[in-house]
Structure formats: structure tokens, C-alpha cells
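Participant: Data: upload-v5.cif, mmCIF, C-alpha atoms.
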```cif
data_model
#
loop_
_atom_site.label_atom_id
_atom_site.label_comp_id
_atom_site.auth_asym_id
_atom_site.auth_seq_id
_atom_site.Cartn_x
_atom_site.Cartn_y
_atom_site.Cartn_z
CA MET M 1163 0.00 0.00 0.00
CA LEU M 1164 1.19 3.50 -0.81
CA ASP M 1165 1.25 6.15 1.87
CA ARG M 1166 -0.52 9.48 1.47
CA ASP M 1167 2.56 11.28 0.15
CA ASP M 1168 3.11 8.64 -2.50
CA GLN M 1169 -0.53 8.88 -3.53
CA GLN M 1170 -0.22 12.66 -3.85
CA PHE M 1171 2.94 12.31 -5.89
CA GLU M 1172 1.26 9.68 -8.05
CA ALA M 1173 -1.62 12.07 -8.65
CA ARG M 1174 0.88 14.79 -9.58
CA LEU M 1175 2.50 12.45 -12.14
CA LYS M 1176 -0.90 11.61 -13.64
CA GLU M 1177 -1.35 15.31 -14.43
CA PHE M 1178 1.26 14.82 -17.15
CA ARG M 1179 -0.75 13.41 -20.06
CA PRO M 1180 1.06 11.28 -22.68
CA LEU M 1181 1.19 13.04 -26.04
CA PRO M 1182 -1.42 11.75 -28.48
CA ALA M 1183 -0.26 9.15 -30.99
CA GLU M 1184 -0.35 9.70 -34.73
CA PRO M 1185 -3.42 8.24 -36.42
CA LEU M 1186 -3.24 4.71 -37.78
CA PRO M 1187 -2.18 4.57 -41.44
CA ALA M 1188 -5.56 3.02 -42.28
CA GLU M 1189 -7.32 5.89 -40.50
CA ARG M 1190 -5.10 8.34 -42.34
CA THR M 1191 -6.13 6.78 -45.66
CA ILE M 1192 -9.79 6.97 -44.70
CA ARG M 1193 -9.41 10.61 -43.64
CA ALA M 1194 -7.59 11.45 -46.88
CA ARG M 1195 -10.36 9.73 -48.85
CA ARG M 1196 -13.02 11.62 -46.93
CA ARG M 1197 -11.17 14.89 -47.52
CA ARG M 1198 -10.88 14.13 -51.24
CA PHE M 1199 -14.60 13.23 -51.39
CA VAL M 1200 -15.56 16.47 -49.63
CA LEU M 1201 -13.36 18.49 -51.98
CA ALA M 1202 -14.86 16.72 -55.00
CA VAL M 1203 -18.40 17.39 -53.75
CA CYS M 1204 -17.55 21.06 -53.13
CA GLY M 1205 -15.98 21.34 -56.59
CA ALA M 1206 -18.97 19.72 -58.28
CA GLY M 1207 -21.32 21.95 -56.28
CA SER M 1208 -19.47 25.09 -57.38
CA VAL M 1209 -19.57 23.98 -61.02
CA VAL M 1210 -23.33 23.35 -60.78
CA ILE M 1211 -23.87 26.76 -59.14
CA VAL M 1212 -21.86 28.51 -61.87
CA LEU M 1213 -23.77 26.66 -64.59
CA VAL M 1214 -27.16 27.46 -63.03
CA ALA M 1215 -26.14 31.11 -62.63
CA ALA M 1216 -25.05 31.23 -66.27
CA VAL M 1217 -28.35 29.72 -67.46
CA ILE M 1218 -30.38 32.14 -65.33
CA ALA M 1219 -28.33 35.11 -66.54
CA ARG M 1220 -28.87 34.04 -70.13
CA GLN M 1221 -32.61 33.65 -69.64
CA ARG M 1222 -32.85 37.09 -68.05
CA ALA M 1223 -30.82 38.62 -70.85
CA ASN M 1224 -33.28 37.14 -73.35
CA GLN M 1225 -36.24 38.61 -71.47
CA LEU M 1226 -34.80 42.15 -71.40
CA PRO M 1227 -35.57 44.57 -74.28
CA GLY M 1228 -33.42 44.96 -77.38
CA ILE M 1229 -30.34 46.65 -75.90
CA HIS M 1230 -29.23 43.41 -74.09
CA ARG M 1231 -30.14 41.20 -76.97
CA LYS M 1232 -27.90 40.61 -79.88
CA ALA M 1233 -29.00 43.02 -82.54
CA LYS M 1234 -30.59 41.14 -85.35
CA VAL M 1235 -29.71 42.21 -88.80
CA VAL M 1236 -32.91 43.82 -89.86
CA ASP M 1237 -33.45 45.81 -92.93
CA VAL M 1238 -33.98 49.42 -91.93
CA VAL M 1239 -36.43 49.85 -94.78
CA LYS M 1240 -38.71 47.22 -93.25
CA VAL M 1241 -38.68 48.97 -89.91
CA MET M 1242 -39.20 52.50 -90.98
CA PRO M 1243 -42.54 53.63 -92.25
CA PRO M 1244 -42.78 54.17 -95.95
CA ALA M 1245 -41.56 57.61 -96.98
CA GLY M 1246 -44.26 60.17 -96.90
CA ALA M 1247 -46.80 57.90 -95.18
CA HIS M 1248 -46.92 59.75 -91.89
CA PRO M 1249 -45.15 62.76 -90.52
CA LEU M 1250 -42.82 62.19 -87.57
CA THR M 1251 -44.68 62.70 -84.34
CA ILE M 1252 -43.93 61.78 -80.72
CA ARG M 1253 -46.46 59.01 -80.96
CA SER M 1254 -44.96 57.57 -84.12
CA ALA M 1255 -41.46 57.86 -82.61
CA ASN M 1256 -42.65 55.97 -79.51
CA GLU M 1257 -44.23 53.28 -81.67
CA LEU M 1258 -41.06 53.00 -83.68
CA LEU M 1259 -38.95 52.65 -80.51
CA ALA M 1260 -41.33 50.04 -79.13
CA ASP M 1261 -41.41 47.95 -82.30
CA ALA M 1262 -37.78 48.18 -83.34
CA PRO M 1263 -35.58 45.23 -82.32
CA SER M 1264 -32.85 47.64 -81.22
CA VAL M 1265 -32.47 51.26 -80.25
CA LYS M 1266 -29.98 51.77 -83.05
CA LEU M 1267 -32.43 50.59 -85.66
CA ALA M 1268 -35.17 52.77 -84.15
CA LEU M 1269 -32.92 55.82 -84.31
CA ASP M 1270 -32.01 54.96 -87.89
CA GLY M 1271 -35.73 54.83 -88.66
CA LEU M 1272 -36.28 58.21 -87.06
CA ALA M 1273 -33.52 59.70 -89.18
CA PHE M 1274 -35.52 59.00 -92.35
CA GLN M 1275 -37.94 61.89 -92.35
CA PRO M 1276 -40.83 61.73 -94.75
CA ARG M 1277 -40.34 64.13 -97.54
CA ALA M 1278 -42.75 67.00 -98.08
CA ARG M 1279 -45.59 65.98 -100.31
CA LEU M 1280 -45.06 67.20 -103.88
CA LEU M 1281 -47.75 69.48 -105.26
CA PRO M 1282 -49.43 68.57 -108.53
CA SER M 1283 -47.84 70.24 -111.60
CA GLY M 1284 -49.11 73.73 -112.43
CA THR M 1285 -49.93 74.54 -108.80
CA GLU M 1286 -47.86 76.19 -106.19
CA SER M 1287 -48.06 76.58 -102.51
CA ALA M 1288 -49.57 79.61 -100.85
CA LEU M 1289 -46.21 80.45 -99.35
CA ALA M 1290 -44.61 80.53 -102.81
CA ALA M 1291 -47.43 82.69 -104.22
CA LEU M 1292 -47.14 85.18 -101.41
CA GLY M 1293 -43.37 85.31 -101.94
CA LYS M 1294 -43.85 86.43 -105.53
CA GLU M 1295 -46.22 89.29 -104.73
CA ASP M 1296 -44.72 92.75 -105.01
CA LEU M 1297 -45.85 94.45 -101.94
CA LYS M 1298 -45.40 98.17 -102.03
CA PRO M 1299 -46.19 100.42 -99.22
CA MET N 858 -17.12 -9.52 -43.98
CA LYS N 859 -19.27 -8.29 -41.09
CA ASN N 860 -16.85 -9.86 -38.58
CA THR N 861 -13.89 -8.19 -40.27
CA ARG N 862 -15.61 -4.81 -40.00
CA ALA N 863 -16.53 -5.40 -36.36
CA ASN N 864 -12.98 -6.50 -35.66
CA GLY N 865 -11.62 -3.40 -37.40
CA ALA N 866 -13.94 -1.17 -35.39
CA THR N 867 -12.85 -2.84 -32.13
CA ILE N 868 -9.20 -2.38 -32.99
CA GLU N 869 -9.71 1.25 -33.95
CA MET N 870 -11.51 1.80 -30.66
CA LEU N 871 -8.59 0.16 -28.80
CA TYR N 872 -6.17 2.38 -30.69
CA ARG N 873 -8.06 5.55 -29.81
CA ARG N 874 -8.22 4.51 -26.17
CA HIS N 875 -4.70 3.24 -25.58
CA SER N 876 -2.44 4.51 -28.35
CA SER N 877 -0.97 7.46 -26.46
CA ALA N 878 -0.04 5.27 -23.46
CA LEU N 879 1.26 2.56 -25.79
CA VAL N 880 3.52 5.02 -27.62
CA LEU N 881 4.74 6.39 -24.29
CA PHE N 882 5.47 2.85 -23.06
CA ALA N 883 7.31 2.03 -26.28
CA ALA N 884 9.27 5.29 -26.08
CA ALA N 885 10.20 4.50 -22.48
CA ILE N 886 11.77 1.25 -23.72
CA ALA N 887 13.15 2.38 -27.08
CA GLY N 888 14.12 5.89 -26.07
CA ASP N 889 12.97 7.21 -29.43
CA ARG N 890 9.41 8.36 -30.04
CA ALA N 891 9.52 7.79 -33.80
CA ARG N 892 10.54 4.16 -33.32
CA ALA N 893 7.92 3.84 -30.61
CA GLN N 894 5.22 5.11 -32.96
CA ASP N 895 6.37 2.71 -35.69
CA ALA N 896 6.25 -0.24 -33.30
CA VAL N 897 2.71 0.63 -32.20
CA HIS N 898 1.57 0.98 -35.81
CA GLN N 899 3.22 -2.33 -36.63
CA VAL N 900 1.34 -4.08 -33.82
CA PHE N 901 -2.00 -2.60 -34.87
CA ALA N 902 -1.42 -3.42 -38.54
CA LYS N 903 -0.93 -7.04 -37.50
CA LEU N 904 -4.04 -6.95 -35.33
CA LEU N 905 -6.12 -5.54 -38.18
CA ALA N 906 -5.08 -8.52 -40.28
CA GLN N 907 -5.34 -11.21 -37.58
CA GLY N 908 -7.90 -9.91 -35.10
CA ILE N 909 -7.68 -9.72 -31.33
CA ASP N 910 -10.36 -12.21 -30.32
CA HIS N 911 -7.80 -14.68 -28.98
CA ALA N 912 -6.56 -12.25 -26.28
CA ALA N 913 -8.21 -12.68 -22.87
CA ASN N 914 -7.12 -9.22 -21.70
CA ALA N 915 -6.88 -6.95 -24.75
CA LYS N 916 -5.18 -4.10 -22.91
CA ALA N 917 -2.42 -6.25 -21.38
CA TYR N 918 -2.03 -8.04 -24.70
CA LEU N 919 -1.48 -4.72 -26.52
CA PHE N 920 1.23 -3.58 -24.09
CA ALA N 921 2.95 -6.97 -24.26
CA SER N 922 2.83 -6.94 -28.08
CA VAL N 923 4.29 -3.43 -28.26
CA ARG N 924 7.06 -4.41 -25.84
CA ASN N 925 7.90 -7.48 -27.94
CA ALA N 926 7.94 -5.40 -31.13
CA ILE N 927 10.33 -2.87 -29.60
CA LEU N 928 12.62 -5.52 -28.11
CA ASN N 929 12.70 -7.51 -31.36
CA ASP N 930 13.58 -4.32 -33.20
CA ALA N 931 16.31 -3.48 -30.67
CA ASN N 932 17.71 -7.01 -31.01
CA ALA N 933 17.60 -6.74 -34.78
CA ARG N 934 19.51 -3.47 -34.58
CA GLY N 935 21.91 -5.04 -32.10
CA ARG N 936 22.56 -1.98 -30.03
CA GLU N 937 21.54 -0.42 -26.77
CA VAL N 938 19.16 2.50 -26.98
CA ALA N 939 19.48 5.77 -25.09
CA LEU N 940 16.53 7.97 -24.20
CA ASP N 941 16.15 10.81 -26.63
CA ALA N 942 15.98 14.01 -24.59
CA ARG N 943 14.90 16.18 -27.54
CA SER N 944 11.36 14.95 -28.14
CA ALA N 945 8.66 15.49 -25.55
CA TRP N 946 6.59 12.62 -24.20
CA PHE N 947 3.98 14.47 -22.18
CA GLU N 948 1.60 17.38 -22.25
CA PRO N 949 2.58 19.00 -18.95
CA PRO N 950 0.06 20.65 -16.63
CA ASP N 951 -0.01 24.46 -16.97
CA ARG N 952 2.36 24.17 -19.95
CA ASP N 953 5.23 23.64 -17.55
CA TYR N 954 7.69 22.29 -20.11
CA ALA N 955 10.59 22.49 -17.68
CA ALA N 956 8.73 20.08 -15.40
CA GLU N 957 8.08 17.83 -18.43
CA LEU N 958 11.81 17.70 -19.12
CA ARG N 959 12.55 17.00 -15.44
CA LEU N 960 10.06 14.13 -15.45
CA ARG N 961 11.61 12.63 -18.58
CA GLN N 962 15.08 12.91 -17.09
CA ALA N 963 13.86 11.34 -13.85
CA LEU N 964 12.28 8.48 -15.81
CA ALA N 965 15.47 8.04 -17.81
CA ALA N 966 17.44 7.75 -14.57
CA LEU N 967 15.35 4.72 -13.49
CA ASP N 968 16.44 1.25 -14.49
CA ASP N 969 14.50 -0.36 -17.33
CA GLY N 970 12.28 -2.58 -15.19
CA GLN N 971 11.28 0.25 -12.84
CA ARG N 972 10.60 2.63 -15.75
CA GLU N 973 8.38 0.07 -17.50
CA VAL N 974 6.40 -0.64 -14.35
CA THR N 975 5.96 3.07 -13.65
CA VAL N 976 4.69 3.87 -17.15
CA LEU N 977 2.41 0.84 -17.23
CA HIS N 978 0.86 1.60 -13.86
CA ILE N 979 0.55 5.39 -13.97
CA TRP N 980 -0.17 6.14 -17.63
CA GLY N 981 -1.18 2.68 -18.91
CA GLU N 982 -3.49 2.25 -15.91
CA LEU N 983 -2.63 -1.44 -15.62
CA THR N 984 -2.95 -3.31 -12.36
CA PHE N 985 0.13 -5.01 -10.91
CA ALA N 986 -1.34 -8.37 -11.96
CA GLU N 987 -1.64 -7.12 -15.55
CA ILE N 988 1.86 -5.63 -15.39
CA GLY N 989 3.15 -8.98 -14.20
CA GLU N 990 1.49 -10.56 -17.22
CA VAL N 991 3.07 -8.05 -19.62
CA LEU N 992 6.58 -8.23 -18.16
CA GLY N 993 6.54 -11.87 -17.18
CA VAL N 994 7.07 -11.21 -13.48
CA SER N 995 4.90 -11.75 -10.42
CA PRO N 996 2.46 -9.04 -9.34
CA ASN N 997 4.46 -8.62 -6.11
CA THR N 998 7.66 -8.01 -8.02
CA ALA N 999 5.84 -5.45 -10.16
CA ALA N 1000 4.47 -3.70 -7.07
CA SER N 1001 7.86 -3.71 -5.39
CA ARG N 1002 9.56 -2.22 -8.48
CA TYR N 1003 6.86 0.43 -8.59
CA ARG N 1004 7.40 1.52 -5.00
CA TYR N 1005 11.15 1.87 -5.53
CA ALA N 1006 10.59 3.71 -8.78
CA LEU N 1007 8.14 6.13 -7.19
CA ALA N 1008 10.54 6.88 -4.35
CA ARG N 1009 13.38 7.57 -6.78
CA LEU N 1010 11.19 9.75 -8.99
CA ARG N 1011 10.09 11.79 -5.99
CA GLU N 1012 13.64 12.17 -4.88
CA THR N 1013 14.84 13.32 -8.31
CA MET N 1014 11.93 15.60 -9.08
CA CYS N 1015 11.52 17.14 -5.63
CA ALA N 1016 15.24 17.86 -5.46
CA ARG N 1017 14.79 20.09 -8.52
CA GLU N 1018 11.33 21.55 -8.13
CA ASP N 1019 9.36 23.09 -5.36
CA CYS N 1020 7.31 20.09 -4.23
CA HIS N 1021 4.22 20.58 -2.14
CA ALA N 1022 4.74 20.29 1.58
CA GLY N 1023 4.65 16.68 2.62
CA SER N 1024 5.05 15.32 -0.92
#
```
Take the structure I supplied and represent it as C-alpha cells, if you would.

Facilitator:
Amino acid sequence: MLDRDDQQFEARLKEFRPLPAEPLPAERTIRARRRRFVLAVCGAGSVVIVLVAAVIARQRANQLPGIHRKAKVVDVVKVMPPAGAHPLTIRSANELLADAPSVKLALDGLAFQPRARLLPSGTESALAALGKEDLKP
Amino acid sequence: MKNTRANGATIEMLYRRHSSALVLFAAAIAGDRARAQDAVHQVFAKLLAQGIDHAANAKAYLFASVRNAILNDANARGREVALDARSAWFEPPDRDYAAELRLRQALAALDDGQREVTVLHIWGELTFAEIGEVLGVSPNTAASRYRYALARLRETMCAREDCHAGS
């Protein structure tokens, strides 16, 4: 039997804990496998997230009006109203902007102003007639 | 297949529970922690292949196997081993690394039999009967070696550190 002092000293020695051992090689392999699996899952997850984000971004881009869409090659003549059909008004400009596949094409359409209607031969406008008059005070 | 898995799980559980004390015990014999770690891994690799069902007392069997592995290795190398003072064996209380070094030096000053008994009883938590089984001595011899070892450790350590009154 140990006396009290020996028991106290024994308790003091037990306070020193043996350093932990290295993991078993088999455990190490399992841990490495688990780590690799987790990394692979994370990698695959990131790829899926990027792909989903790309698909969503593409769908949104398709839903937005013309400026985000690839400008289709459209004949300006088809877009613009036939020359002389209507005068350019705010309403017609709005309609043109709404219907045109791109802003550029709409602006091109606006640039083509309908020409002034030609008067039948032998007639002249009132403005021209007034310009010829010799007004004397 | 199921038995192999159960056996593997048992051995892993034994490793988690006893590996630190087994490595300490092996280091106390071999003097070198790296060799001690190798010997413990070697024993467990064998157990994973063969199982441990045949051992009546698994804990005592593990310590005896590690001791045999270290002694076989020492015989194979054909030289005496000295305790390596550079690598730590313990996590000291209150991070008192000077006390850790003093303890290692005090353990190194013991003769082999006393050092083995001390490590097995204090940190391996083996009874004197189990220690007798591991070392091939009687429980009384083990207990006697332990008492001498404890007295010498106290003497060495208390000569260098401020021991509590009465200890």
C-alpha cells in the first residue's frame, strides 16, 4: 500500500498526459479519402452553381428589351414607315422605338424623315405665291 | 465480412483509447518516439489482419505486443538504446515544459524494469497483476519495483522543483 505522500505524488505524475499518438495509417487513408470526397463534392457543387447562374443570366438577358439582346440584322427599310406615309410625331417615334428590335435601328428609322408631299404640276403653294407678290407700301 | 468490419472497429476503438499510453510505453523502452510510434503501428497493422479475439485481456495483450515489437527491433539493430531528450513525451500541466523535461530525465534515470512498471501503472493504468502478465514477473515483483521507482522519482523531481509540503 502506498502512503498518502506517495498517492499525492502519483496524482501529480498523472497530471502529465502522454502526447497523443499519430493516427493509424488506415485511419489516415480513410481521412484522406473523406477529404478528397468532400473536396470533389464542393468542386462539383461550385460547377453546378456557376452553370445554373449562367443559365439564369442568359434567360434574363433574353427577357430584357433589345439593348441586351444581340442586334438582329434587320433591314432598316422594313422597320421605318414608308416615306411620306406619316409625318414624324412623338407618338410615331414611340411606336417605332417600341417595335424596333434595337435602339440603333429605331434611331435609324427616325432619321428617315418623310419628304414633303409634292404638289401637282401647275400649282404652287400659298407660301410661294405670297413670296412672288410685289408688296409696295 | 461483417466480422472483419466489427474487428476493425474494435481495434480502432482500442487504438483511440490506448495509443498514447502505448507510444509512451514504447518510447520509455526504445528511447525514441519515432521508433515507438512505428512499433505501435506495426502491432496494430498485424491486429487488423489477424484480429484480437484470442486475447483474454486486450489491454495487457497490446502492451505486451508493443514491448515485444520494440525488443525484437532493438535485437535486430543489435545496439543499446538511449533515451532521446529532444522529443517530448507528455503534455505537462499548466504548460510547464521544464517540469516535463525533469520528469523525462527522472524516468530516464530509473532502471528499465522500474521505468516500465511506472509507465504501465501510472499512464497505462494497468494493475500489478496485468503488469506482471506483460513483463513476465509476479504481481508482487511489479508492485515492489513500482514503490522503488516512485521513491526515486520523488527524490529526483523534488530535489529540482518546489514540491508541495509533505510530498

Participant: I'd like to know which of N:Arg972, N:Ser876, N:Leu964, N:Ala931 is closest to Val900 of chain N, using only C-alpha atoms.

Facilitator: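 Smallest separation from Val900 of chain N among the options: N:Ser876.
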
Participant: Determine, counting all atoms listed in the file, which protein, DNA and RNA residues have an atom within 9 Å of an atom of Leu1269 of chain M; residues of the same chain fewer than 3 positions away are not included. Present the result as JSON, numbers by chain.

Facilitator: {"M": [1255, 1258, 1259, 1264, 1265, 1266, 1272, 1273]}

Participant: Neighbours of Ile988 of chain N within 9 Å (all atoms listed in the file; same-chain residues fewer than 6 positions away dropped), as a list of chain:residue names?

Facilitator: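 Here the qualifying residues turn out to be N:Ala917, N:Phe920, N:Glu973, N:Val974, N:Leu977, N:His978, N:Val994, N:Ser995, N:Pro996, N:Ala999, N:Ala1000.
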
Participant: Would you output that residue set with C-alpha atoms, as a PDB file, in the coordinates of the input?

Facilitator:
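Written output follows (out-v7.pdb):
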```pdb
ATOM      1  CA  ALA N 917      -2.420  -6.250 -21.380  1.00  0.00           C
ATOM      2  CA  PHE N 920       1.230  -3.580 -24.090  1.00  0.00           C
ATOM      3  CA  GLU N 973       8.380   0.070 -17.500  1.00  0.00           C
ATOM      4  CA  VAL N 974       6.400  -0.640 -14.350  1.00  0.00           C
ATOM      5  CA  LEU N 977       2.410   0.840 -17.230  1.00  0.00           C
ATOM      6  CA  HIS N 978       0.860   1.600 -13.860  1.00  0.00           C
ATOM      7  CA  VAL N 994       7.070 -11.210 -13.480  1.00  0.00           C
ATOM      8  CA  SER N 995       4.900 -11.750 -10.420  1.00  0.00           C
ATOM      9  CA  PRO N 996       2.460  -9.040  -9.340  1.00  0.00           C
ATOM     10  CA  ALA N 999       5.840  -5.450 -10.160  1.00  0.00           C
ATOM     11  CA  ALA N1000       4.470  -3.700  -7.070  1.00  0.00           C
TER      12      ALA N1000
END
```

Participant: Pick out the residues sitting within 10 Å of Leu958 of chain N, and hand them over as a count of residues only; count only C-alpha atoms, and ignore anything fewer than 4 positions along from it in its own chain.

Facilitator: 12

Participant: With the PyMOL selection byres ((chain M) within 12 of (chain N)) as the selection, what would be picked from this file? Answer as a list in words, please.

Facilitator: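 So the PyMOL selection byres ((chain M) within 12 of (chain N)) ends up selecting Met1163, Leu1164, Asp1165, Arg1166, Asp1167, Asp1168, Gln1169, Gln1170, Phe1171, Glu1172, Ala1173, Arg1174, Leu1175, Lys1176, Glu1177, Phe1178, Arg1179, Pro1180, Leu1181, Pro1182, Ala1183, Glu1184, Pro1185, Leu1186, Pro1187, Ala1188, Glu1189 and Arg1190 of chain M.
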
Participant: From the list N:Asp969, N:Asp930, N:Glu987, N:Asp910, which residue is nearest Ala885 of chain N when using all atoms listed in the file?

Facilitator: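 Closest to Ala885 of chain N, using all atoms listed in the file: N:Asp969.
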
Participant: Using atom CA of Gly1207 of chain M and atom CA of Asn1224 of chain M as the two end points, give the distance in Å to one decimal.

Facilitator: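 Going from atom CA of Gly1207 of chain M over to atom CA of Asn1224 of chain M covers 25.8 Å.
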
Participant: What is the atom CA of Gln907 of chain N-atom CA of Gly989 of chain N distance in Å, reported with one decimal?

Facilitator: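 Value for the atom CA of Gln907 of chain N-atom CA of Gly989 of chain N distance: 25.0 Å.
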
Participant: Quick one: pull the distance between atom CA of Ala912 of chain N and atom CA of Ile868 of chain N, Å, one decimal.

Facilitator: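 About the pair atom CA of Ala912 of chain N and atom CA of Ile868 of chain N: they are 12.2 Å apart.
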